[in-house]
Amino acid sequence: MSVAEPAPPVRHPARRTGSETDAGTQSFSHVIRTIGRGPSLSRTLSQDEAKQAMAMILRGEAEPAQLGAFLVVLRYRKETPEELAGFVKASRSMMARPASANAALDWPSYADRHKQQPYFILAAKLLSENGVRVLMHGIAGDGPATTPKALAALGIEPSTGPDDAARRLDRENFAYLPLDRFCPQLMSLFDLRPVLGLRSPANTFARMLNPFAAPVQLQGVFHPTYLPTHQATAALLGQPVMGVFKGGGGEIQRNPEKPCNVATLVNGNAETEIWPVTVDGSRHRWRDEPLIPARLKAVWRGDDDTASPNAAVVGTVAIALRMLGLANSIPAAESSAKEMWEHRRKALP
């Protein structure tokens with residue numbers, strides 16, 4: 001039985017006017033004034049203010065117009081680490097948690113519109129088959145999200161909830177936990193994308209939820225300017241170890257054809273490692289590769305030995321090994337990852 005059962009999704013109240021406006025709406029209007037009064041009068045939110053604002057949103061205390069204004073302003077000017085940390089803490093306070101869990105590596109997957117083959121799924125699978133307990137979480141359902149479809153192609157189904165995910169970690173060292181199974185209130189913000197026409201801050205801070213409090217976390221971002229923001233937010237949240245880099249489609253997927261800057265946080269020390277190119281010569285057509293389950297399976301089985309996709313898997317695993325403390329240098333991590341890949345069990349369901 002979960003320690004906390006998930007609350008129902010956010011249901012925003014009907015529009016109110018005049019005397020019908022409640023205290024919650026009045027309070028949230030103060031949040032809008034704080035962040036939206038123009039370049040000379042507006043300011044960013046403190047961590048506590050951000051936590052309170054997101055808690056109100058997740059409880060359904062903001063009017064639809066207020067919520068839209070809030071999300072668009074933040075998306076336009078970019079969230080601060082203090083704001084993101086506050087949003088994460090508010091969301092964590094409402095998350096359903098398992099009675100017990102022992103994840104070693106937290107693997108968020110929230111880039112819900114992949115424009116390339118999700119080879120990172122194979123990287124996570126390889127780590128789990130070598131004893132690393134990987135919890136992956138993200139967006140599931142019937143929408144455009146690619147991760148659950150790719151996992152299904154490999155015979156991996158989503159967990160039904162936090163307790164089921166904990167059991168799967170015990171059995172298989174891997175579990176995929178959909179956001180709506182542990183924080184449905186936050187899933188409601190992702191559902192607003194068709195209405196707003198753009199992503200919201202939820203796409204950023206959902207990556208930081210770490211629902212099983214794994215000591216090591218990886219993150220992938222689409223825009224490299226977000227690297228120091230994610231690094232600073234992890235420090236505010238007290239994350240012991242975290243590595244974030246620009247990944248394919250915003251996912252945790254290394255491009256082996258380019259140098260990769262990994263912003264790290266290890267016990268409070270923030271640094272940046274520069275990982276070298278591992279594939280030279282012709283460039284792979286990454287963006288012309290939407291999910292093709294047969295191709296994903298072919299790479300795992302060894303039937304497709306195209307250099308870049310195979311190197312993407314190995315390179316992603318290498319970064320994970322480095323963050324997990326299982327390799328004391330970049331060359332050692334690359335060597336260990338390559339050996340794991342060469343000795344994988346190639347059979348699939």
# chains A, B, ... in the order shown; residues from 1 in each chain; ligands from 1
call {"tool": "closest_atom_pairs", "arguments": {"of": "stretch 100-208 of chain A", "to": "stretch 339-346 of chain A", "cutoff": "12 Å", "atoms": "only C-alpha atoms", "output": "CSV"}}
result
residue,atom,partner,partner_atom,distance
A:Leu122,CA,A:Trp341,CA,9.8
A:Ala123,CA,A:Trp341,CA,8.9
A:Ala124,CA,A:Trp341,CA,11.6
A:Lys125,CA,A:Arg344,CA,9.9
A:Leu126,CA,A:Arg344,CA,7.1
A:Leu127,CA,A:Met340,CA,8.4
A:Ser128,CA,A:Arg344,CA,11.0
A:Glu129,CA,A:Arg344,CA,8.0
A:Asn130,CA,A:Met340,CA,7.6
A:Gly131,CA,A:Met340,CA,11.3
A:Leu154,CA,A:Lys346,CA,11.5
call {"tool": "write_last_selection", "arguments": {"atoms": "N, CA and C atoms", "output": "PDB file, in the first residue's frame"}}
result
ATOM      1  N   LEU A 122      17.831   1.649 -24.820  1.00  0.00           N
ATOM      2  CA  LEU A 122      18.768   0.529 -24.814  1.00  0.00           C
ATOM      3  C   LEU A 122      19.871   0.751 -23.779  1.00  0.00           C
ATOM      4  N   ALA A 123      20.266   2.004 -23.578  1.00  0.00           N
ATOM      5  CA  ALA A 123      21.270   2.310 -22.562  1.00  0.00           C
ATOM      6  C   ALA A 123      20.755   1.971 -21.170  1.00  0.00           C
ATOM      7  N   ALA A 124      19.517   2.366 -20.875  1.00  0.00           N
ATOM      8  CA  ALA A 124      18.929   2.054 -19.567  1.00  0.00           C
ATOM      9  C   ALA A 124      18.777   0.553 -19.381  1.00  0.00           C
ATOM     10  N   LYS A 125      18.383  -0.133 -20.446  1.00  0.00           N
ATOM     11  CA  LYS A 125      18.234  -1.586 -20.385  1.00  0.00           C
ATOM     12  C   LYS A 125      19.582  -2.257 -20.108  1.00  0.00           C
ATOM     13  N   LEU A 126      20.630  -1.776 -20.769  1.00  0.00           N
ATOM     14  CA  LEU A 126      21.955  -2.359 -20.578  1.00  0.00           C
ATOM     15  C   LEU A 126      22.432  -2.164 -19.139  1.00  0.00           C
ATOM     16  N   LEU A 127      22.212  -1.008 -18.575  1.00  0.00           N
ATOM     17  CA  LEU A 127      22.602  -0.757 -17.191  1.00  0.00           C
ATOM     18  C   LEU A 127      21.861  -1.687 -16.238  1.00  0.00           C
ATOM     19  N   SER A 128      20.557  -1.841 -16.451  1.00  0.00           N
ATOM     20  CA  SER A 128      19.771  -2.694 -15.551  1.00  0.00           C
ATOM     21  C   SER A 128      20.220  -4.148 -15.645  1.00  0.00           C
ATOM     22  N   GLU A 129      20.609  -4.591 -16.822  1.00  0.00           N
ATOM     23  CA  GLU A 129      21.067  -5.969 -16.978  1.00  0.00           C
ATOM     24  C   GLU A 129      22.448  -6.192 -16.375  1.00  0.00           C
ATOM     25  N   ASN A 130      23.102  -5.093 -16.016  1.00  0.00           N
ATOM     26  CA  ASN A 130      24.392  -5.194 -15.342  1.00  0.00           C
ATOM     27  C   ASN A 130      24.302  -4.781 -13.872  1.00  0.00           C
ATOM     28  N   GLY A 131      23.104  -4.897 -13.318  1.00  0.00           N
ATOM     29  CA  GLY A 131      22.933  -4.740 -11.880  1.00  0.00           C
ATOM     30  C   GLY A 131      22.594  -3.363 -11.378  1.00  0.00           C
ATOM     31  N   LEU A 154      10.114  -3.504 -26.593  1.00  0.00           N
ATOM     32  CA  LEU A 154      11.105  -4.387 -25.982  1.00  0.00           C
ATOM     33  C   LEU A 154      10.477  -5.298 -24.935  1.00  0.00           C
TER      34      LEU A 154
END
call {"tool": "select_by_dssp", "arguments": {"residues": "stretch 146-237 of chain A", "states": "strand (DSSP E)", "output": "list in words"}}
result
Phe174, Ala175, Tyr176, Leu177, Pro178, Val216, Gln217, Leu218, Gln219, Gly220 and Val221 of chain A
call {"tool": "write_last_selection", "arguments": {"atoms": "N, CA and C atoms", "output": "CSV table (one decimal), in the first residue's frame"}}
result
chain,number,residue,atom,x,y,z
A,174,PHE,N,14.8,-2.7,-13.3
A,174,PHE,CA,14.3,-1.6,-14.1
A,174,PHE,C,12.8,-1.5,-13.9
A,175,ALA,N,12.3,-0.2,-13.9
A,175,ALA,CA,10.8,0.0,-13.9
A,175,ALA,C,10.6,1.4,-14.6
A,176,TYR,N,9.5,1.4,-15.3
A,176,TYR,CA,9.0,2.7,-15.9
A,176,TYR,C,7.7,3.1,-15.2
A,177,LEU,N,7.7,4.3,-14.6
A,177,LEU,CA,6.6,4.8,-13.8
A,177,LEU,C,6.0,6.0,-14.4
A,178,PRO,N,4.8,5.9,-15.0
A,178,PRO,CA,4.2,7.1,-15.6
A,178,PRO,C,3.9,8.1,-14.6
A,216,VAL,N,21.6,9.0,-7.3
A,216,VAL,CA,22.2,9.5,-8.6
A,216,VAL,C,21.1,9.7,-9.6
A,217,GLN,N,21.2,10.9,-10.2
A,217,GLN,CA,20.2,11.2,-11.2
A,217,GLN,C,20.9,11.7,-12.5
A,218,LEU,N,20.4,11.3,-13.7
A,218,LEU,CA,20.8,11.9,-15.0
A,218,LEU,C,19.6,12.7,-15.5
A,219,GLN,N,20.0,13.8,-16.2
A,219,GLN,CA,19.0,14.6,-16.9
A,219,GLN,C,19.5,14.9,-18.3
A,220,GLY,N,18.6,15.0,-19.2
A,220,GLY,CA,18.9,15.5,-20.6
A,220,GLY,C,18.1,16.7,-20.8
A,221,VAL,N,18.7,17.7,-21.5
A,221,VAL,CA,18.0,18.9,-21.9
A,221,VAL,C,18.2,19.2,-23.4
call {"tool": "atom_distance", "arguments": {"atom1": "atom CA of A:Leu237", "atom2": "atom CA of A:Thr204"}}
result
14.5 Å
call {"tool": "closest_residue", "arguments": {"among": "A:Gly197, A:Pro211, A:Pro184, A:Gly36", "to": "A:Pro98", "atoms": "only C-alpha atoms"}}
result
A:Pro211
call {"tool": "select_by_dssp", "arguments": {"residues": "stretch 62-308 of chain A", "states": "alpha helix (DSSP H)", "output": "PyMOL selection string"}}
result
chain A and resi 64-77+81-92+120-129+147-153+162-172+179-182+184-190+193-196+202-205+227-236+293-301+307-308
call {"tool": "closest_atom_pairs", "arguments": {"of": "stretch 311-346 of chain A", "to": "stretch 100-112 of chain A", "cutoff": "10 Å", "atoms": "only C-alpha atoms", "output": "Markdown table"}}
result
| residue | atom | partner | partner_atom | distance |
| --- | --- | --- | --- | --- |
| A:Ala320 | CA | A:Leu105 | CA | 8.3 |
| A:Met323 | CA | A:Leu105 | CA | 9.2 |
| A:Leu324 | CA | A:Leu105 | CA | 7.7 |
call {"tool": "closest_residue", "arguments": {"among": "A:His137, A:Arg254, A:Arg75, A:Arg322", "to": "A:Pro118", "atoms": "only C-alpha atoms"}}
result
A:Arg254
call {"tool": "closest_residue", "arguments": {"among": "A:Ala150, A:Leu209, A:Leu71, A:Leu41", "to": "A:Ser91", "atoms": "only C-alpha atoms"}}
result
A:Leu209
call {"tool": "closest_residue", "arguments": {"among": "A:Ala312, A:Leu265, A:Met136, A:Ala332", "to": "A:Ala214", "atoms": "only C-alpha atoms"}}
result
A:Met136
call {"tool": "closest_residue", "arguments": {"among": "A:Ala90, A:Val134, A:Leu348, A:Ala337", "to": "A:Ala311", "atoms": "only C-alpha atoms"}}
result
A:Ala337
call {"tool": "atom_distance", "arguments": {"atom1": "atom CA of A:Ala232", "atom2": "atom CA of A:Ala85"}}
result
9.2 Å
call {"tool": "residues_around", "arguments": {"residues": "A:Asn267", "least_positions_apart": "2", "cutoff": "7 Å", "atoms": "only C-alpha atoms", "output": "VMD selection string"}}
result
chain A and resid 240 to 241 265 269
call {"tool": "atom_distance", "arguments": {"atom1": "atom CA of A:Ser29", "atom2": "atom CA of A:Gln66"}}
result
7.1 Å
call {"tool": "closest_residue", "arguments": {"among": "A:Ala270, A:Ala213, A:Val262, A:Val299", "to": "A:Ile319", "atoms": "only C-alpha atoms"}}
result
A:Val262
